[in-house]
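S.K.: What follows is entry.cif; its format and atoms are mmCIF, C-alpha atoms.
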data_run
#
loop_
_atom_site.group_PDB
_atom_site.id
_atom_site.type_symbol
_atom_site.label_atom_id
_atom_site.label_comp_id
_atom_site.auth_asym_id
_atom_site.auth_seq_id
_atom_site.Cartn_x
_atom_site.Cartn_y
_atom_site.Cartn_z
ATOM 1 C CA MET A 392 152.117 -89.557 -4.700
ATOM 2 C CA ALA A 393 155.382 -90.673 -6.101
ATOM 3 C CA MET A 394 157.195 -89.100 -9.001
ATOM 4 C CA THR A 395 157.981 -90.764 -12.306
ATOM 5 C CA ILE A 396 160.748 -89.633 -14.643
ATOM 6 C CA ASP A 397 160.637 -90.295 -18.360
ATOM 7 C CA VAL A 398 163.831 -89.552 -20.301
ATOM 8 C CA GLU A 399 164.050 -89.077 -24.063
ATOM 9 C CA ARG A 400 167.242 -88.245 -25.912
ATOM 10 C CA LEU A 401 166.942 -86.322 -29.166
ATOM 11 C CA GLY A 402 169.703 -86.072 -31.765
ATOM 12 C CA GLY A 403 170.416 -83.099 -34.000
ATOM 13 C CA THR A 404 173.216 -80.560 -34.108
ATOM 14 C CA THR A 405 172.569 -79.787 -30.452
ATOM 15 C CA PRO A 406 171.786 -83.065 -28.686
ATOM 16 C CA VAL A 407 168.896 -82.406 -26.336
ATOM 17 C CA THR A 408 167.518 -84.559 -23.537
ATOM 18 C CA VAL A 409 163.891 -84.189 -22.544
ATOM 19 C CA ILE A 410 163.094 -85.118 -18.947
ATOM 20 C CA ALA A 411 159.379 -85.453 -18.278
ATOM 21 C CA LEU A 412 158.450 -85.310 -14.600
ATOM 22 C CA ALA A 413 155.069 -86.545 -13.391
ATOM 23 C CA GLY A 414 153.684 -86.435 -9.868
ATOM 24 C CA GLU A 415 155.267 -84.606 -6.950
ATOM 25 C CA LEU A 416 158.886 -83.428 -6.740
ATOM 26 C CA ASP A 417 160.053 -83.169 -3.134
ATOM 27 C CA ALA A 418 162.900 -83.914 -0.728
ATOM 28 C CA SER A 419 162.443 -87.664 -1.152
ATOM 29 C CA ASN A 420 163.153 -87.729 -4.890
ATOM 30 C CA TYR A 421 164.913 -84.531 -6.042
ATOM 31 C CA GLU A 422 168.271 -86.325 -6.267
ATOM 32 C CA GLN A 423 166.890 -88.511 -9.068
ATOM 33 C CA VAL A 424 166.457 -85.377 -11.206
ATOM 34 C CA ILE A 425 170.048 -84.307 -10.556
ATOM 35 C CA ASP A 426 171.275 -87.797 -11.491
ATOM 36 C CA VAL A 427 169.342 -87.786 -14.753
ATOM 37 C CA ALA A 428 170.740 -84.348 -15.654
ATOM 38 C CA ARG A 429 174.265 -85.508 -14.854
ATOM 39 C CA ASN A 430 173.861 -88.608 -17.027
ATOM 40 C CA ALA A 431 172.442 -86.539 -19.882
ATOM 41 C CA TYR A 432 175.459 -84.225 -19.821
ATOM 42 C CA ALA A 433 177.855 -87.180 -19.597
ATOM 43 C CA ASP A 434 176.151 -88.734 -22.637
ATOM 44 C CA GLY A 435 176.797 -85.592 -24.679
ATOM 45 C CA SER A 436 173.536 -83.686 -24.328
ATOM 46 C CA ARG A 437 174.069 -79.923 -24.313
ATOM 47 C CA GLY A 438 170.461 -78.932 -23.948
ATOM 48 C CA LEU A 439 167.885 -80.003 -21.399
ATOM 49 C CA VAL A 440 164.134 -79.659 -21.446
ATOM 50 C CA LEU A 441 162.241 -80.332 -18.247
ATOM 51 C CA ASP A 442 158.700 -81.154 -19.252
ATOM 52 C CA LEU A 443 156.563 -80.225 -16.234
ATOM 53 C CA GLU A 444 153.135 -80.812 -17.770
ATOM 54 C CA HIS A 445 152.257 -83.607 -15.362
ATOM 55 C CA LEU A 446 154.096 -82.312 -12.307
ATOM 56 C CA THR A 447 151.647 -81.247 -9.613
ATOM 57 C CA PHE A 448 153.977 -80.147 -6.810
ATOM 58 C CA MET A 449 157.481 -78.759 -6.469
ATOM 59 C CA ALA A 450 159.160 -78.152 -3.091
ATOM 60 C CA SER A 451 162.275 -76.042 -2.564
ATOM 61 C CA SER A 452 164.297 -79.255 -2.962
ATOM 62 C CA GLY A 453 162.965 -79.352 -6.538
ATOM 63 C CA LEU A 454 164.214 -75.807 -7.101
ATOM 64 C CA PHE A 455 167.591 -76.994 -5.863
ATOM 65 C CA ALA A 456 167.488 -79.803 -8.443
ATOM 66 C CA LEU A 457 166.645 -77.368 -11.262
ATOM 67 C CA HIS A 458 169.428 -75.050 -10.177
ATOM 68 C CA SER A 459 171.804 -78.024 -10.139
ATOM 69 C CA ALA A 460 170.722 -78.960 -13.674
ATOM 70 C CA VAL A 461 171.694 -75.491 -14.937
ATOM 71 C CA ARG A 462 175.120 -75.827 -13.362
ATOM 72 C CA ILE A 463 175.584 -79.336 -14.752
ATOM 73 C CA MET A 464 174.693 -78.246 -18.300
ATOM 74 C CA ARG A 465 177.222 -75.429 -17.991
ATOM 75 C CA GLY A 466 179.852 -78.064 -17.269
ATOM 76 C CA GLU A 467 180.173 -76.886 -13.673
ATOM 77 C CA THR A 468 179.982 -78.737 -10.402
ATOM 78 C CA PRO A 469 176.454 -78.647 -9.037
ATOM 79 C CA PRO A 470 175.974 -76.227 -6.162
ATOM 80 C CA ASP A 471 176.823 -77.388 -2.723
ATOM 81 C CA ALA A 472 174.622 -77.095 0.320
ATOM 82 C CA GLU A 473 177.207 -74.897 1.977
ATOM 83 C CA GLU A 474 177.347 -72.463 -0.898
ATOM 84 C CA GLY A 475 175.594 -69.313 0.214
ATOM 85 C CA TRP A 476 173.384 -66.797 -1.470
ATOM 86 C CA GLY A 477 176.260 -64.987 -3.123
ATOM 87 C CA ALA A 478 176.979 -67.572 -5.784
ATOM 88 C CA LEU A 479 173.469 -67.584 -7.146
ATOM 89 C CA HIS A 480 173.266 -63.807 -7.126
ATOM 90 C CA GLN A 481 176.363 -63.756 -9.276
ATOM 91 C CA MET A 482 174.928 -66.422 -11.523
ATOM 92 C CA ALA A 483 171.654 -64.539 -11.962
ATOM 93 C CA GLN A 484 173.498 -61.390 -12.901
ATOM 94 C CA ASP A 485 175.567 -62.872 -15.689
ATOM 95 C CA HIS A 486 172.860 -65.242 -16.822
ATOM 96 C CA ASP A 487 170.475 -64.781 -19.709
ATOM 97 C CA ALA A 488 167.434 -66.997 -19.119
ATOM 98 C CA GLN A 489 166.561 -67.043 -22.822
ATOM 99 C CA ALA A 490 170.053 -68.283 -23.695
ATOM 100 C CA SER A 491 170.047 -70.964 -21.007
ATOM 101 C CA SER A 492 170.669 -74.541 -22.071
ATOM 102 C CA VAL A 493 167.965 -75.647 -19.650
ATOM 103 C CA ARG A 494 164.355 -74.840 -20.501
ATOM 104 C CA LEU A 495 161.186 -75.603 -18.602
ATOM 105 C CA ALA A 496 158.048 -76.541 -20.476
ATOM 106 C CA ALA A 497 154.310 -76.639 -19.785
ATOM 107 C CA ALA A 498 154.436 -75.851 -16.064
ATOM 108 C CA GLN A 499 151.056 -75.994 -14.349
ATOM 109 C CA GLU A 500 149.852 -72.901 -12.554
ATOM 110 C CA PRO A 501 150.930 -73.845 -8.983
ATOM 111 C CA ILE A 502 154.423 -74.761 -10.204
ATOM 112 C CA ALA A 503 154.745 -71.612 -12.309
ATOM 113 C CA ARG A 504 153.751 -69.624 -9.219
ATOM 114 C CA VAL A 505 156.527 -71.185 -7.124
ATOM 115 C CA LEU A 506 159.083 -70.488 -9.866
ATOM 116 C CA GLU A 507 157.907 -66.917 -10.175
ATOM 117 C CA ARG A 508 157.748 -66.252 -6.461
ATOM 118 C CA THR A 509 161.282 -67.502 -5.831
ATOM 119 C CA GLY A 510 162.868 -65.587 -8.698
ATOM 120 C CA MET A 511 163.786 -68.799 -10.517
ATOM 121 C CA LEU A 512 162.377 -67.516 -13.788
ATOM 122 C CA ARG A 513 165.445 -65.339 -14.021
ATOM 123 C CA LEU A 514 167.433 -68.540 -14.484
ATOM 124 C CA PHE A 515 165.111 -70.453 -16.797
ATOM 125 C CA ALA A 516 163.094 -69.837 -19.892
ATOM 126 C CA LEU A 517 159.578 -71.170 -19.442
ATOM 127 C CA ASP A 518 157.934 -72.377 -22.643
ATOM 128 C CA GLY A 519 154.299 -73.230 -23.214
ATOM 129 C CA THR A 520 154.988 -76.642 -24.693
ATOM 130 C CA ARG A 521 157.700 -79.261 -24.811
ATOM 131 C CA ALA A 522 157.983 -78.842 -28.610
ATOM 132 C CA GLU A 523 158.617 -75.092 -28.279
ATOM 133 C CA ALA A 524 161.313 -75.713 -25.690
ATOM 134 C CA VAL A 525 163.056 -78.298 -27.892
ATOM 135 C CA ALA A 526 162.836 -76.008 -30.930
ATOM 136 C CA ALA A 527 164.354 -73.122 -28.962
ATOM 137 C CA LEU A 528 167.329 -75.269 -27.945
ATOM 138 C CA GLN A 529 167.881 -76.741 -31.394
ATOM 139 C CA GLY A 530 167.661 -73.343 -33.051
ATOM 140 C CA ALA A 531 164.755 -74.396 -35.268
ATOM 141 C CA MET B 1497 137.172 -64.865 24.785
ATOM 142 C CA THR B 1498 138.982 -67.064 22.319
ATOM 143 C CA THR B 1499 136.874 -68.868 19.758
ATOM 144 C CA PRO B 1500 137.348 -72.619 20.076
ATOM 145 C CA ALA B 1501 139.049 -74.418 17.219
ATOM 146 C CA GLU B 1502 136.721 -76.552 15.125
ATOM 147 C CA GLY B 1503 137.118 -79.756 13.157
ATOM 148 C CA LYS B 1504 140.444 -80.585 14.767
ATOM 149 C CA ARG B 1505 142.191 -83.542 13.158
ATOM 150 C CA SER B 1506 145.751 -84.806 13.256
ATOM 151 C CA ILE B 1507 148.265 -87.320 11.968
ATOM 152 C CA SER B 1508 151.610 -88.484 13.218
ATOM 153 C CA VAL B 1509 154.372 -89.645 10.872
ATOM 154 C CA PRO B 1510 157.924 -90.926 11.334
ATOM 155 C CA ALA B 1511 160.524 -88.193 10.735
ATOM 156 C CA THR B 1512 161.571 -89.294 7.257
ATOM 157 C CA VAL B 1513 161.158 -87.399 3.982
ATOM 158 C CA ASP B 1514 159.365 -90.395 2.456
ATOM 159 C CA GLU B 1515 156.380 -89.343 4.596
ATOM 160 C CA LEU B 1516 156.107 -85.826 3.141
ATOM 161 C CA ALA B 1517 153.602 -86.863 0.459
ATOM 162 C CA LYS B 1518 151.315 -88.198 3.178
ATOM 163 C CA VAL B 1519 151.647 -84.953 5.137
ATOM 164 C CA ARG B 1520 150.731 -82.866 2.059
ATOM 165 C CA ALA B 1521 147.738 -85.101 1.350
ATOM 166 C CA PHE B 1522 146.551 -84.669 4.947
ATOM 167 C CA VAL B 1523 146.796 -80.867 4.672
ATOM 168 C CA ARG B 1524 144.978 -80.758 1.316
ATOM 169 C CA ASP B 1525 142.221 -82.981 2.653
ATOM 170 C CA SER B 1526 141.870 -80.851 5.805
ATOM 171 C CA VAL B 1527 141.668 -77.577 3.844
ATOM 172 C CA SER B 1528 139.047 -79.093 1.577
ATOM 173 C CA ARG B 1529 136.943 -80.254 4.589
ATOM 174 C CA PHE B 1530 137.224 -76.785 6.103
ATOM 175 C CA GLY B 1531 135.889 -75.278 2.862
ATOM 176 C CA GLY B 1532 139.132 -73.723 1.621
ATOM 177 C CA SER B 1533 139.924 -73.265 -2.076
ATOM 178 C CA LYS B 1534 142.433 -75.287 -4.086
ATOM 179 C CA ARG B 1535 144.705 -72.267 -3.972
ATOM 180 C CA VAL B 1536 144.672 -72.216 -0.163
ATOM 181 C CA ALA B 1537 145.211 -76.001 -0.145
ATOM 182 C CA ASP B 1538 148.183 -75.700 -2.542
ATOM 183 C CA ASP B 1539 149.799 -72.940 -0.500
ATOM 184 C CA LEU B 1540 149.297 -74.561 2.897
ATOM 185 C CA ALA B 1541 150.375 -78.012 1.690
ATOM 186 C CA HIS B 1542 153.548 -76.424 0.340
ATOM 187 C CA ALA B 1543 154.229 -74.393 3.490
ATOM 188 C CA VAL B 1544 153.733 -77.448 5.708
ATOM 189 C CA ASP B 1545 155.983 -79.521 3.413
ATOM 190 C CA GLU B 1546 158.837 -77.015 3.794
ATOM 191 C CA ALA B 1547 158.410 -76.720 7.564
ATOM 192 C CA THR B 1548 158.099 -80.476 8.114
ATOM 193 C CA CYS B 1549 161.026 -81.270 5.828
ATOM 194 C CA ASN B 1550 163.087 -78.831 7.837
ATOM 195 C CA VAL B 1551 162.172 -80.593 11.074
ATOM 196 C CA MET B 1552 162.950 -84.025 9.608
ATOM 197 C CA LEU B 1553 166.345 -83.140 8.147
ATOM 198 C CA HIS B 1554 167.573 -80.311 10.345
ATOM 199 C CA GLY B 1555 165.899 -81.168 13.601
ATOM 200 C CA TYR B 1556 166.018 -84.931 13.825
ATOM 201 C CA ARG B 1557 169.010 -85.287 11.460
ATOM 202 C CA GLY B 1558 168.230 -88.868 10.584
ATOM 203 C CA LYS B 1559 167.471 -89.895 14.152
ATOM 204 C CA ALA B 1560 164.230 -91.753 14.758
ATOM 205 C CA GLY B 1561 161.340 -89.619 15.894
ATOM 206 C CA ASP B 1562 157.844 -88.521 15.002
ATOM 207 C CA VAL B 1563 156.291 -85.380 13.662
ATOM 208 C CA GLU B 1564 152.696 -84.617 14.504
ATOM 209 C CA ILE B 1565 150.548 -82.397 12.305
ATOM 210 C CA GLU B 1566 147.292 -80.923 13.596
ATOM 211 C CA ALA B 1567 144.763 -79.012 11.532
ATOM 212 C CA ALA B 1568 141.818 -76.974 12.783
ATOM 213 C CA VAL B 1569 139.807 -73.935 11.811
ATOM 214 C CA ARG B 1570 139.033 -70.941 14.031
ATOM 215 C CA ASP B 1571 137.290 -67.719 12.956
ATOM 216 C CA ARG B 1572 137.595 -68.780 9.308
ATOM 217 C CA ARG B 1573 141.336 -69.094 9.678
ATOM 218 C CA ILE B 1574 143.015 -72.438 9.133
ATOM 219 C CA GLU B 1575 145.607 -73.295 11.757
ATOM 220 C CA ILE B 1576 148.159 -76.015 11.143
ATOM 221 C CA ARG B 1577 150.386 -77.026 14.017
ATOM 222 C CA ILE B 1578 153.616 -78.964 13.510
ATOM 223 C CA LEU B 1579 154.927 -80.632 16.653
ATOM 224 C CA ASP B 1580 158.296 -82.297 17.059
ATOM 225 C CA ARG B 1581 160.797 -83.391 19.708
ATOM 226 C CA GLY B 1582 163.884 -82.100 17.916
ATOM 227 C CA PRO B 1583 166.295 -79.356 19.021
ATOM 228 C CA ILE B 1584 164.781 -75.877 19.320
ATOM 229 C CA PHE B 1585 164.675 -74.060 15.998
ATOM 230 C CA ASP B 1586 162.630 -70.972 15.258
ATOM 231 C CA PRO B 1587 162.123 -70.366 11.525
ATOM 232 C CA THR B 1588 160.367 -67.071 12.257
ATOM 233 C CA THR B 1589 163.650 -65.515 13.324
ATOM 234 C CA ALA B 1590 165.989 -67.371 10.946
ATOM 235 C CA GLN B 1591 167.742 -65.115 8.489
ATOM 236 C CA VAL B 1592 166.493 -65.294 4.929
ATOM 237 C CA PRO B 1593 167.261 -63.095 1.945
ATOM 238 C CA ALA B 1594 165.359 -59.849 1.525
ATOM 239 C CA PRO B 1595 162.138 -60.114 -0.486
ATOM 240 C CA GLY B 1596 162.953 -59.751 -4.159
ATOM 241 C CA ALA B 1597 166.453 -61.162 -3.735
ATOM 242 C CA ILE B 1598 167.062 -64.429 -5.519
ATOM 243 C CA PRO B 1599 167.377 -67.098 -2.873
ATOM 244 C CA ALA B 1600 169.926 -69.826 -3.428
ATOM 245 C CA PRO B 1601 168.073 -73.099 -3.324
ATOM 246 C CA THR B 1602 169.881 -75.094 -0.727
ATOM 247 C CA ARG B 1603 169.648 -78.779 -0.114
ATOM 248 C CA PRO B 1604 166.367 -79.738 1.485
ATOM 249 C CA GLY B 1605 166.385 -78.830 5.101
ATOM 250 C CA GLY B 1606 168.945 -76.133 4.415
ATOM 251 C CA MET B 1607 168.201 -72.571 5.384
ATOM 252 C CA GLY B 1608 166.862 -70.240 2.793
ATOM 253 C CA VAL B 1609 164.294 -70.637 0.096
ATOM 254 C CA GLY B 1610 162.207 -73.160 2.045
ATOM 255 C CA ILE B 1611 161.838 -70.810 5.000
ATOM 256 C CA GLN B 1612 161.195 -67.866 2.712
ATOM 257 C CA LEU B 1613 158.400 -69.846 1.020
ATOM 258 C CA LEU B 1614 156.988 -70.930 4.361
ATOM 259 C CA ARG B 1615 156.551 -67.261 5.271
ATOM 260 C CA THR B 1616 155.181 -66.021 1.969
ATOM 261 C CA LEU B 1617 152.639 -68.846 1.641
ATOM 262 C CA THR B 1618 150.980 -68.176 4.993
ATOM 263 C CA ASP B 1619 149.452 -65.203 6.791
ATOM 264 C CA GLU B 1620 151.174 -65.903 10.100
ATOM 265 C CA VAL B 1621 153.859 -68.205 11.478
ATOM 266 C CA HIS B 1622 154.303 -68.668 15.237
ATOM 267 C CA HIS B 1623 156.959 -70.678 17.014
ATOM 268 C CA SER B 1624 157.157 -71.815 20.585
ATOM 269 C CA ALA B 1625 159.341 -74.234 22.497
ATOM 270 C CA ARG B 1626 157.293 -77.048 24.019
ATOM 271 C CA PRO B 1627 157.590 -77.172 27.806
ATOM 272 C CA ASP B 1628 158.576 -80.829 27.698
ATOM 273 C CA GLY B 1629 160.990 -80.463 24.771
ATOM 274 C CA GLY B 1630 160.691 -79.877 21.041
ATOM 275 C CA ASN B 1631 159.024 -77.296 18.842
ATOM 276 C CA GLU B 1632 155.500 -76.191 18.131
ATOM 277 C CA LEU B 1633 155.167 -74.292 14.878
ATOM 278 C CA THR B 1634 151.776 -72.841 13.941
ATOM 279 C CA LEU B 1635 150.957 -71.770 10.390
ATOM 280 C CA VAL B 1636 147.837 -69.668 9.884
ATOM 281 C CA ARG B 1637 146.081 -68.927 6.641
ATOM 282 C CA SER B 1638 142.714 -67.262 6.112
ATOM 283 C CA ILE B 1639 140.142 -69.393 4.297
ATOM 284 C CA ASP B 1640 138.690 -66.402 2.498
ATOM 285 C CA GLY B 1641 141.406 -63.811 2.290
ATOM 286 C CA ARG B 1642 143.093 -63.406 -1.020
ATOM 287 C CA ARG B 1643 146.754 -62.704 -1.010
ATOM 288 C CA GLU B 1644 148.303 -59.594 -2.506
ATOM 289 C CA GLU B 1645 149.678 -61.373 -5.530
ATOM 290 C CA ASP B 1646 146.375 -63.023 -6.520
#
Kindly return the structure encoded in the file as C-alpha cells.

M.R.:
Amino acid sequence: MAMTIDVERLGGTTPVTVIALAGELDASNYEQVIDVARNAYADGSRGLVLDLEHLTFMASSGLFALHSAVRIMRGETPPDAEEGWGALHQMAQDHDAQASSVRLAAAQEPIARVLERTGMLRLFALDGTRAEAVAALQGA
Amino acid sequence: MTTPAEGKRSISVPATVDELAKVRAFVRDSVSRFGGSKRVADDLAHAVDEATCNVMLHGYRGKAGDVEIEAAVRDRRIEIRILDRGPIFDPTTAQVPAPGAIPAPTRPGGMGVGIQLLRTLTDEVHHSARPDGGNELTLVRSIDGRREED
C-alpha cells in the first residue's frame, strides 16, 4: 500500500502546516515527509501537525522522518545518518515534548505503540485529534 | 524429534525498498492463515520489514539481488525466514542502545532503532551464514503468547 500526503497550510499568529499521512510510511517514501517539512519551514510555518489518523504502518525510517521534522522546525539541519546516539540523547534531555513545534495527532494503536516503545514520545506531544494539535500550537 | 513445520509458504522479491509493502502483506496474510491475531501480524510484519530493509540497503547496497521470505508454523510458533545473498551480517550481535535508552533513528538500513525493534517485536531471532553464501535470519513469534507489555 502506498502512502498519500495531504498538506494544508493554516494562517494565524503562528503559521501552522498540517501534514496528513495515509497508508504506510516506510523506507520507500519517508523522504517525502522530510521534503514536505522542509518546504513548510521554508514557507514560514513554525508549527507542524502530523495527522496520523489514516496511517496504518510506520517503520523506523518513518521515525527518522519525524525526528528530522523536529530538527527542521527548530531551524537546524536534519540529522545525518552518521550522527550517533549521542545527539538524540542530548536533544531528549533539553527537549520539552509539550513545547515542541511538532505535534502528532490521532495515531492509531499500532503506530502509538511504536512511538511509545522507541521512546519517541519524549520528543513529541501526541494529541487525540488534529484540531487539538492545531489549537495547542496556535495557543488557542 | 523436531516437529515438522506446517503451512510453509514463501515469496521472493527483488532487493529494493519498493517491495517492502509486498513483503509486509505476505507476512500479515501468513499470520492470518496460521491463526495469529492482528497484534501478532502487526508485530511480525514490522519486524520483517526492518530486517528485510536492512538486507536491501545494507547488504545489497543497491546491487541487484533477491530476498526470499519463508513463513511456516511449528508448535504454535510462527517462524519467518529471511534469505539473502548479501555480505554476512548478524543483527543478533550488532550493538544497539540499552533498553530504555532513546535510540537515534538512523536512515533506513542504518544500525540502531530498526534492529532494536526487530528484537523487541519477536520472541527469538537466529542468524546463520548460508553454506553457499548469504544470510539466513529466522524470526520466531508465538501465536498465543502475549508479550510483557500487552

S.K.: Could you tell me how far atom CA of Leu514 of chain A sits from atom CA of Thr408 of chain A, in Å to one decimal place?

M.R.: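 Separating atom CA of Thr408 of chain A from atom CA of Leu514 of chain A is a distance of 18.4 Å.
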
S.K.: Do you have the atom CA of Val525 of chain A-atom CA of Arg437 of chain A distance handy?

M.R.: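 Distance reported for this atom pair: 11.7 Å.
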
S.K.: Between B:Glu1515, B:Arg1557, B:Ser1624, B:Gly1503, which is the closest to chain A once you count all atoms listed in the file?

M.R.: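 Looking only at the distances to chain A, the closest residue turns out to be B:Glu1515.
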
S.K.: Taking all atoms of segment 439-450 of chain A that appear in the file, build a box with edges along x, y and z, extend it by 3 Å on every side, and state its centre and edge lengths in Å to one decimal, as AutoDock Vina command-line options.

M.R.:
--center_x 159.8 --center_y -80.9 --center_z -12.3 --size_x 22.2 --size_y 11.5 --size_z 24.4

S.K.: Would you write out, as number ranges by chain, every residue that the PyMOL selection byres ((chain A and resi 504-506) around 12) captures in this file?

M.R.: A: 443, 447-455, 457-458, 495, 498-503, 507-517; B: 1535, 1538-1539, 1542-1543, 1598-1599, 1601, 1609-1610, 1612-1614, 1616-1617, 1645-1646

S.K.: Determine the nearest neighbour of chain A from the options B:Ser1528, B:Thr1499, B:Ser1638, B:Thr1548, counting only C-alpha atoms.

M.R.: B:Thr1548

S.K.: Can you spell out as a list in words the set of residues that the PyMOL selection byres ((chain A and resi 521) around 7) selects in the structure I just provided?

M.R.: Asp442, Ala496, Ala497, Thr520, Ala522, Glu523, Ala524 and Val525 of chain A

S.K.: Where does the PyMOL selection byres ((chain A and resi 394) around 8) land in this file, that is, which residues does it pick, as an MDAnalysis selection string?

M.R.: chainID A and resid 392:393 395:396 412:416 420

S.K.: Would you kindly return, as a list in words, each protein, DNA or RNA residue with an atom no farther than 6 Å from any atom of Leu439 of chain A, considering only C-alpha atoms and excluding same-chain residues fewer than 3 positions away?

M.R.: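 Contacts, with the query itself left out: Val407, Thr408, Val409 and Val493 of chain A.
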
S.K.: Take atom CA of Val1544 of chain B and atom CA of Asn1631 of chain B and report the distance between them in Å, one decimal.

M.R.: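 Distance reported for this atom pair: 14.2 Å.
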
S.K.: Of the candidates B:Arg1581, B:Lys1534, B:Arg1572, B:Arg1524, which shows the shortest atom-to-atom distance to Tyr1556 of chain B, using only C-alpha atoms?

M.R.: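 Closest to Tyr1556 of chain B of all the choices is B:Arg1581.
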